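Student: Handing you this structure, nothing more for now.
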Amino acid sequence: MLTATDRYLARLIALPMLGTLVISAMLLVLDKMLSLFDFVAAEGGPVSVVWRMLANMMPEYLSLGIPIGLMLGILLAFRKLAMSSELDVMRAVGLSYGRLLRVPYMYAIALALLNFGIVGFVQPLSRHAYEALRFELRSGALGASIKVGEFTNLGKRMTLRIERSLDEGRNLQGIFVRAMGKDGQTVAVTAAQGEFLATDDPDTIIFRLRDGVLVNDAPKYKSPRILSFSSHDLPIDLPQIEKFRGRDVDREKTIPELVMIGHDPGTPDKLRNEIRANFHFRMVEVAMMLLLPLAALAFAIPPKRSTSALGVFLSIVFIVTYHKVNEYGQGVGSLGKIDPIIALWGPFLLFAGLILWMYHVIAHRPGGQPIAALEYAFAKIAKQAFRLLGLFRRRPGTKTMAEGAA
């Protein structure tokens, strides 16, 4: 049964947590969007592919944004309570930090389960779909192989060039086609207009040309045959496009698949190390979410009579550093240099020990402040920086108020 205090805390946490999650995900999306637009434009693909690729990247961005949103949501809520002295009132009426963390842990457990579902099942499938779209763009399976104003090879025996494309490709103008048969026969066609038409055969399309000239030549012809036409249908055999690979990469495997491959006696040692490293990487990322409420509380409460936001900055540095350390541990573990359990769970235990110590100081030591030394050092550095800025802003020949009084 949630009390009025619990409901109040739930509202305080929810808004900044959702806001941080949305902002972090949007920043990642915007950064990726620019590179995707450049890639799709270079490959000549349709713009709609960009949105499909971004949609497939969203699970990966959410897996990064959810821990950050959880951390900052809890941190900003407790910071607001501390700055308004409401936290002192709650403590005075007998609410311990452990009791106040009940609602944050409800959020942490729910989001940890959600993140486990994302990294364990949704993200591997979406990552494979993203790579499939990249492959199809490069191979021309999305219609990206024909570029206006350039010579394009359709297979080994046909070359096509289109001068202009109107009505979203339904009206092609300034067309040149050259095809060569296996017997050495060649056909060169120029036409004012044309359009592609589908047929019952999925491997063949019809290129309907209008107002053009066809030149047919062969080794047995004494001279090329020239034909003017008002309408001519040219069948085109579509080139065979290589099929995209299966989900053969470790990061495209779901959690059950990683477990099965890792325990298979026939799995090569190199692949086993990669599978185990990826599995433990996902596990430590989810496990750390259960300690984030303790870390957020320790970073949230500033020293008395201080309004410094250093804890907010340190919390972001803390969670990003932990993620990068895990990425390094995964890389080392996948190479077999260190056992993946040691490479990934070792840093987890170190960070967990630091979080538990910080929580012990803030919760069980009267007046304890785990980042007090950093707050003091930051205040001294800021004071010196402002003093230097004040000196630089003084104009030559002017005096301060103290110098004028002297």
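Convention: chains lettered A, B, ... in structure tokens order; per-chain residue numbering from 1; ligands numbered from 1 as shown.
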Identify all residues of region 190-310 of chain A in alpha helix (DSSP H) (DSSP on the backbone) and supply them as a PyMOL selection string.

Tutor: chain A and resi 255-262+269-288+292-300+310

Student: List every residue of region 334-373 of chain A that has an atom at most 9 Å from any atom of region 278-301 of chain A, giving for each one its closest atom pair and the distance in Å to one decimal, counting only C-alpha atoms, sorted by chain and then by ascending residue number, as a tab-separated table.

Tutor:
residue	atom	partner	partner_atom	distance
A:Ser334	CA	A:Asn278	CA	7.8
A:Pro340	CA	A:His280	CA	7.0
A:Ile341	CA	A:His280	CA	6.8
A:Leu344	CA	A:Phe281	CA	6.5
A:Trp345	CA	A:Val284	CA	6.8
A:Phe348	CA	A:Val284	CA	6.7
A:Phe351	CA	A:Met288	CA	8.8
A:Ala352	CA	A:Leu291	CA	7.1
A:Leu354	CA	A:Ala295	CA	8.9
A:Ile355	CA	A:Ala295	CA	5.4
A:Leu356	CA	A:Leu294	CA	7.3
A:Met358	CA	A:Ala298	CA	5.9
A:Tyr359	CA	A:Ala298	CA	5.6
A:His360	CA	A:Ala298	CA	8.9
A:Val361	CA	A:Ala298	CA	8.3
A:Ile362	CA	A:Ala298	CA	6.2
A:Ala363	CA	A:Ala298	CA	8.6
A:Gln369	CA	A:Ala298	CA	7.8
A:Pro370	CA	A:Ala298	CA	6.9
A:Ile371	CA	A:Phe299	CA	7.3

Student: Could you name the residues that touch Ile342 (chain A) at 9 Å or less, counting only C-alpha atoms, but leaving out those on the same chain fewer than 5 positions away, as a ChimeraX atom specification?

Tutor: /A:329,333,347

Student: So which bits of region 109-336 of chain A end up strand (DSSP E) when you DSSP the backbone, as a ChimeraX atom specification?

Tutor: /A:152-153,158-166,171-180,186-198,204-217,225-237

Student: If I take CA of Pro219 (chain A) and CA of His232 (chain A), how far is one from the other in Å, to one decimal?

Tutor: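 These two atoms are separated by 23.7 Å.
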
Student: Quick one: of A:Leu54, A:Asp183, A:Ile175, A:Gly65, who's nearest to Glu195 (chain A), counting only C-alpha atoms?

Tutor: A:Ile175

Student: Which one of A:Lys243, A:Ile74, A:Ala14, A:Ala25 sits closest to Ser315 (chain A) if you count only C-alpha atoms?

Tutor: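 Smallest distance to Ser315 (chain A) is found for A:Ile74.
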
Student: If you count only C-alpha atoms, which residues fall within 10 Å of Arg170 (chain A), apart from same-chain ones fewer than 6 positions away, as a ChimeraX atom specification?

Tutor: /A:194-197

Student: Excluding same-chain residues fewer than 4 positions from region 32-43 of chain A, what lies within 7 Å of it counting only C-alpha atoms, as a list in words?

Tutor: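 Contacts, with the query itself left out: Leu28, Val50, Leu137, Arg138 and Ala144 of chain A.
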
Student: Suppose we keep N, CA and C atoms; can you now write the selection as a PDB file, in the first residue's frame?

Tutor:
ATOM      1  N   LEU A  28      20.630  10.776 -29.345  1.00  0.00           N
ATOM      2  CA  LEU A  28      21.259   9.668 -30.054  1.00  0.00           C
ATOM      3  C   LEU A  28      20.667   9.502 -31.454  1.00  0.00           C
ATOM      4  N   VAL A  50      15.607   5.678 -44.254  1.00  0.00           N
ATOM      5  CA  VAL A  50      16.221   6.283 -43.080  1.00  0.00           C
ATOM      6  C   VAL A  50      15.351   6.070 -41.848  1.00  0.00           C
ATOM      7  N   LEU A 137      20.595  -1.822 -49.248  1.00  0.00           N
ATOM      8  CA  LEU A 137      20.948  -0.556 -49.895  1.00  0.00           C
ATOM      9  C   LEU A 137      22.192  -0.717 -50.756  1.00  0.00           C
ATOM     10  N   ARG A 138      23.200  -1.394 -50.218  1.00  0.00           N
ATOM     11  CA  ARG A 138      24.447  -1.561 -50.967  1.00  0.00           C
ATOM     12  C   ARG A 138      24.271  -2.465 -52.178  1.00  0.00           C
ATOM     13  N   ALA A 144      17.976   1.005 -55.291  1.00  0.00           N
ATOM     14  CA  ALA A 144      18.945   2.085 -55.170  1.00  0.00           C
ATOM     15  C   ALA A 144      20.082   1.964 -56.170  1.00  0.00           C
TER      16      ALA A 144
END

Student: Please, what distance in Å, to one decimal, runs between CA of Ala343 (chain A) and CA of His263 (chain A)?

Tutor: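 So the two atoms, CA of Ala343 (chain A) and CA of His263 (chain A), lie 19.3 Å apart.
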
Student: As an exercise, work out the distance from CA of Leu72 (chain A) to CA of Ile316 (chain A) in Å and give it to one decimal place.

Tutor: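 Distance reported for this atom pair: 8.1 Å.
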